[in-house]
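Undergrad: Take a look at this one; I'll ask things after.
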Amino acid sequence: GQGLESDGQAAVAISVYQQAVALDPEEDYYYLFLGRALLDYALDLTDAAQREDALRQVETVLKRARDLNPLNTDHTANLARLYRQWASVETDSALHSQYARLSNDFYGQALTLNPSNYGLWNEWAVLSYTELEDAAAAQTMLEKSFAIDGEYDQTYLYQGNLYVWLARRATVSAEQQTHFENAIAAYEQGLALAEKGGADTLPLRLGLASAYAGAQQYQAAVDEYLQVLAEANNSYNGWQVNYILAQLYQ
């Protein structure tokens, strides 16, 4: 199943995972693979009705896993992720709110089971500002994550993203500039940690470049985007970066 999934054959992988579950329906761990493959498959569907049916299947699978082993944080966290992604693709405002609230509840339950999981605090923060539009709650969650591990570079990425989100919504230019400058500082801290630890720097560099552009520091933005192209080699689709660079040069 994993081999098929990694080859991009999600539909076939789902069938194989279903066979694994049928062989041992009381093993909660197998449902993790089936749920992940189903979710990836569902999110790739463009037909809304088909996607809805597929997401309902994911919901059933993940709830079954949680029923089998309710103290495994992964199962509760996966339900939170399901509803977060479901909310992100839902066009009906009432359903969007419903799924976002469900995701919020499950993140809370997952972190009750494992309050020291900084990755889940970060995910909850993303939900809070992107789907619930609650920047204050997101900031509180990121601060909890920083308190657990202040050396995790991805938390600085999320912090920078939150500042950029706030900047895009600011109506006062001075406030907008402050948010962009805070974003730049967060991305730079994360970038230093990522470089030190040998982690992937592309998301942080892209965020930093975007924040520089938002702050109208155009040469700094150009330099970062050029660095992205230099580091990415063939592992990254650079046409978008080149397009942004053309706009900045203009």
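Order determines the names: the first chain of the structure tokens is A, the second B, and so forth; residues in each chain are numbered 1 upward, and ligands are numbered 1 upward as they are shown.
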Leaving out Arg81 in chain A and any residue of its chain fewer than 5 positions from it, which residues lie within 9 Å of it when counting only C-alpha atoms, given as a ChimeraX atom specification?
TA: /A:76,86,103,106-107,123
Undergrad: Based on the selection just made, write N, CA, C and O atoms of those residues as a CSV table (one decimal), in the first residue's frame.
TA:
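Final output, saved to out_20.csv:
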chain,number,residue,atom,x,y,z
A,76,THR,N,-6.9,11.4,17.4
A,76,THR,CA,-7.6,12.6,17.6
A,76,THR,C,-7.0,13.8,16.8
A,76,THR,O,-7.8,14.6,16.2
A,86,TRP,N,-11.0,20.0,5.5
A,86,TRP,CA,-12.4,20.0,5.0
A,86,TRP,C,-12.9,21.4,5.0
A,86,TRP,O,-13.6,21.9,4.0
A,103,SER,N,-12.7,21.0,14.0
A,103,SER,CA,-11.3,20.9,14.0
A,103,SER,C,-10.7,21.5,15.3
A,103,SER,O,-9.8,20.9,16.0
A,106,PHE,N,-11.2,19.1,18.3
A,106,PHE,CA,-10.3,18.0,18.3
A,106,PHE,C,-8.9,18.3,18.5
A,106,PHE,O,-8.1,17.6,19.2
A,107,TYR,N,-8.4,19.5,18.1
A,107,TYR,CA,-7.1,19.9,18.5
A,107,TYR,C,-7.0,20.1,20.0
A,107,TYR,O,-6.0,19.8,20.6
A,123,GLU,N,-0.1,23.6,14.5
A,123,GLU,CA,-1.2,23.3,13.6
A,123,GLU,C,-2.5,24.0,14.0
A,123,GLU,O,-3.3,24.5,13.2
Undergrad: Mind checking which residues fall within 10 Å of Tyr129 in chain A, counting only C-alpha atoms, ignoring those fewer than 3 positions away in the same chain, and posting them as a PyMOL selection string?
TA: chain A and resi 124-126+132-139+161-162+165-166
Undergrad: Put those residues in a file: all heavy atoms, as a tab-separated table (two decimals), in the first residue's frame.
TA:
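Output contents, as saved in part_7.tsv:
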chain	number	residue	atom	x	y	z
A	124	TRP	N	-2.71	23.98	15.34
A	124	TRP	CA	-3.89	24.62	15.91
A	124	TRP	C	-3.85	26.13	15.66
A	124	TRP	O	-4.87	26.76	15.37
A	124	TRP	CB	-3.98	24.32	17.41
A	124	TRP	CG	-5.34	24.53	18.02
A	124	TRP	CD1	-6.48	24.88	17.37
A	124	TRP	CD2	-5.69	24.37	19.40
A	124	TRP	NE1	-7.54	24.96	18.26
A	124	TRP	CE2	-7.08	24.66	19.50
A	124	TRP	CE3	-4.98	24.01	20.54
A	124	TRP	CZ2	-7.75	24.61	20.73
A	124	TRP	CZ3	-5.66	23.96	21.76
A	124	TRP	CH2	-7.02	24.26	21.85
A	125	ALA	N	-2.65	26.69	15.76
A	125	ALA	CA	-2.49	28.12	15.48
A	125	ALA	C	-2.88	28.44	14.03
A	125	ALA	O	-3.57	29.44	13.76
A	125	ALA	CB	-1.05	28.55	15.75
A	126	VAL	N	-2.45	27.59	13.10
A	126	VAL	CA	-2.79	27.81	11.69
A	126	VAL	C	-4.30	27.78	11.49
A	126	VAL	O	-4.88	28.62	10.81
A	126	VAL	CB	-2.09	26.77	10.80
A	126	VAL	CG1	-2.59	26.88	9.36
A	126	VAL	CG2	-0.58	26.94	10.85
A	132	LEU	N	-10.62	30.27	11.43
A	132	LEU	CA	-11.45	30.91	12.45
A	132	LEU	C	-11.20	32.41	12.54
A	132	LEU	O	-11.93	33.12	13.24
A	132	LEU	CB	-11.20	30.26	13.82
A	132	LEU	CG	-11.56	28.78	13.91
A	132	LEU	CD1	-11.05	28.19	15.23
A	132	LEU	CD2	-13.06	28.57	13.79
A	133	GLU	N	-10.16	32.89	11.86
A	133	GLU	CA	-9.79	34.31	11.84
A	133	GLU	C	-9.61	34.87	13.25
A	133	GLU	O	-10.02	36.00	13.55
A	133	GLU	CB	-10.82	35.12	11.04
A	133	GLU	CG	-10.89	34.70	9.57
A	133	GLU	CD	-11.63	35.69	8.70
A	133	GLU	OE1	-12.04	36.73	9.22
A	133	GLU	OE2	-11.79	35.40	7.49
A	134	ASP	N	-8.97	34.08	14.10
A	134	ASP	CA	-8.71	34.49	15.47
A	134	ASP	C	-7.20	34.58	15.67
A	134	ASP	O	-6.54	33.63	16.10
A	134	ASP	CB	-9.32	33.48	16.45
A	134	ASP	CG	-9.30	33.97	17.90
A	134	ASP	OD1	-8.52	34.88	18.20
A	134	ASP	OD2	-10.06	33.42	18.71
A	135	ALA	N	-6.64	35.74	15.34
A	135	ALA	CA	-5.19	35.93	15.40
A	135	ALA	C	-4.67	35.88	16.83
A	135	ALA	O	-3.57	35.40	17.08
A	135	ALA	CB	-4.81	37.25	14.74
A	136	ALA	N	-5.47	36.38	17.78
A	136	ALA	CA	-5.03	36.39	19.18
A	136	ALA	C	-4.86	34.96	19.71
A	136	ALA	O	-3.88	34.65	20.39
A	136	ALA	CB	-6.03	37.16	20.04
A	137	ALA	N	-5.82	34.10	19.38
A	137	ALA	CA	-5.71	32.70	19.80
A	137	ALA	C	-4.51	32.04	19.14
A	137	ALA	O	-3.78	31.28	19.78
A	137	ALA	CB	-6.99	31.95	19.45
A	138	ALA	N	-4.30	32.32	17.86
A	138	ALA	CA	-3.15	31.75	17.15
A	138	ALA	C	-1.85	32.16	17.81
A	138	ALA	O	-0.93	31.34	17.98
A	138	ALA	CB	-3.18	32.19	15.69
A	139	GLN	N	-1.74	33.43	18.19
A	139	GLN	CA	-0.52	33.90	18.83
A	139	GLN	C	-0.28	33.21	20.17
A	139	GLN	O	0.84	32.82	20.50
A	139	GLN	CB	-0.59	35.42	19.05
A	139	GLN	CG	0.70	36.03	19.60
A	139	GLN	CD	1.89	35.79	18.68
A	139	GLN	OE1	1.84	36.11	17.49
A	139	GLN	NE2	2.95	35.20	19.20
A	161	ASN	N	4.27	33.73	9.14
A	161	ASN	CA	3.05	33.66	8.33
A	161	ASN	C	1.90	34.39	8.99
A	161	ASN	O	1.09	35.04	8.32
A	161	ASN	CB	2.66	32.20	8.08
A	161	ASN	CG	3.62	31.48	7.16
A	161	ASN	OD1	4.47	32.10	6.52
A	161	ASN	ND2	3.51	30.16	7.09
A	162	LEU	N	1.81	34.27	10.33
A	162	LEU	CA	0.75	34.97	11.05
A	162	LEU	C	0.92	36.48	10.93
A	162	LEU	O	-0.05	37.21	10.70
A	162	LEU	CB	0.75	34.54	12.52
A	162	LEU	CG	-0.23	35.30	13.44
A	162	LEU	CD1	-1.67	35.18	12.94
A	162	LEU	CD2	-0.11	34.78	14.87
A	165	TRP	N	-0.15	37.53	7.55
A	165	TRP	CA	-1.62	37.49	7.49
A	165	TRP	C	-2.20	38.75	8.12
A	165	TRP	O	-3.14	39.36	7.57
A	165	TRP	CB	-2.11	36.25	8.23
A	165	TRP	CG	-3.58	36.00	8.15
A	165	TRP	CD1	-4.26	35.31	7.18
A	165	TRP	CD2	-4.58	36.41	9.11
A	165	TRP	NE1	-5.61	35.27	7.48
A	165	TRP	CE2	-5.83	35.93	8.65
A	165	TRP	CE3	-4.53	37.11	10.30
A	165	TRP	CZ2	-7.01	36.15	9.34
A	165	TRP	CZ3	-5.72	37.34	11.00
A	165	TRP	CH2	-6.93	36.86	10.51
A	166	LEU	N	-1.65	39.17	9.25
A	166	LEU	CA	-2.11	40.39	9.91
A	166	LEU	C	-1.80	41.62	9.06
A	166	LEU	O	-2.62	42.54	8.97
A	166	LEU	CB	-1.44	40.52	11.28
A	166	LEU	CG	-1.93	39.57	12.37
A	166	LEU	CD1	-0.97	39.58	13.57
A	166	LEU	CD2	-3.34	39.94	12.82
Undergrad: With only C-alpha atoms as the counted atoms, please give the residues lying no more than 8 Å from range 94-99 of chain A, apart from itself and same-chain residues fewer than 3 positions off, as a PDB file with C-alpha atoms, in the first residue's frame.
TA:
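New file selection03.pdb:
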ATOM      1  CA  TYR A  83     -11.857  18.885   9.605  1.00  0.00           C
ATOM      2  CA  ARG A  84      -9.285  21.671   9.120  1.00  0.00           C
ATOM      3  CA  TRP A  86     -12.398  19.993   5.011  1.00  0.00           C
ATOM      4  CA  ALA A  87     -13.129  23.539   6.148  1.00  0.00           C
ATOM      5  CA  SER A  88     -10.487  24.902   3.787  1.00  0.00           C
ATOM      6  CA  GLU A  90     -15.846  23.958   1.863  1.00  0.00           C
ATOM      7  CA  THR A  91     -17.621  26.769   0.009  1.00  0.00           C
ATOM      8  CA  LEU A 102     -14.945  20.583  14.933  1.00  0.00           C
ATOM      9  CA  SER A 103     -11.266  20.865  14.043  1.00  0.00           C
ATOM     10  CA  GLU A 131     -10.186  29.303   9.218  1.00  0.00           C
ATOM     11  CA  LEU A 132     -11.450  30.911  12.449  1.00  0.00           C
TER      12      LEU A 132
END
Undergrad: Take CA of Ala209 in chain A and CA of Asp149 in chain A and report the distance between them in Å, one decimal.
TA: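 Atom-to-atom, CA of Ala209 in chain A to CA of Asp149 in chain A, that is 25.2 Å.
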Undergrad: For a quick check of understanding, using only C-alpha atoms, which of A:Ala65, A:Ala10, A:Ala211, A:Leu206 has the smallest distance to Leu39 in chain A?
TA: A:Ala10
Undergrad: Taking the chain letters and numbering used in this document, name the residues of range 134-230 of chain A that DSSP puts in helix (DSSP H, G or I), as a PyMOL selection string.
TA: chain A and resi 135-148+153-169+173-197+202-214+218-230
Undergrad: With only C-alpha atoms as the counted atoms, please give the residues lying no more than 9 Å from range 195-204 of chain A, apart from itself and same-chain residues fewer than 2 positions off, as a PyMOL selection string.
TA: chain A and resi 153-154+156-157+160+187-188+190-193+206-209+228+231-232
Undergrad: Compile the contact shell of Leu32 in chain A as a ChimeraX atom specification: residues with an atom at most 8 Å away, counting only C-alpha atoms, same-chain residues fewer than 4 positions apart removed.
TA: /A:28,36,62,65,75
Undergrad: Could you check which of A:Gln177, A:Gln2, A:Asn182, A:Gln250 is closest to Tyr17 in chain A, using only C-alpha atoms?
TA: A:Gln2
Undergrad: For Gly3 in chain A, work out the shell of residues within 12 Å, counting only C-alpha atoms and skipping chain neighbours fewer than 2 positions away, then give it as a ChimeraX atom specification.
TA: /A:1,5-10,12-14,16-17,33,37
Undergrad: Would you list the contacts of Leu229 in chain A as a ChimeraX atom specification, taking every protein, DNA or RNA residue within 9 Å and counting only C-alpha atoms, but skipping same-chain residues closer than 3 positions in sequence?
TA: /A:224-226,232-233,236,238,241-242
Undergrad: What is the distance, in Å and to one decimal place, between CA of Leu23 in chain A and CA of Thr73 in chain A?
TA: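 Between CA of Leu23 in chain A and CA of Thr73 in chain A the gap works out to 24.1 Å.
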Undergrad: Work out how far CA of Gly35 in chain A is from CA of Asp74 in chain A, in Å to one decimal.
TA: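 Those two atoms sit 11.6 Å apart.
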Undergrad: For Glu59 in chain A, which residue among A:Gln109, A:Leu38, A:Asp47, A:Arg101 is the nearest when counting only C-alpha atoms?
TA: A:Leu38
Undergrad: Identify which of the residues A:Ile148, A:Ala230, A:Leu68, A:Ala174 lies closest to Glu26 in chain A, counting only C-alpha atoms when measuring atom-to-atom distances.
TA: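 Distance minimum relative to Glu26 in chain A lands on A:Leu68.
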Undergrad: Name the closest residue to Gln219 in chain A among the candidates A:Gln159, A:Leu82, A:Leu245, A:Gln176; distances are taken between atoms, counting only C-alpha atoms.
TA: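 Among A:Gln159, A:Leu82, A:Leu245, A:Gln176, it is A:Leu245 that comes nearest to Gln219 in chain A.
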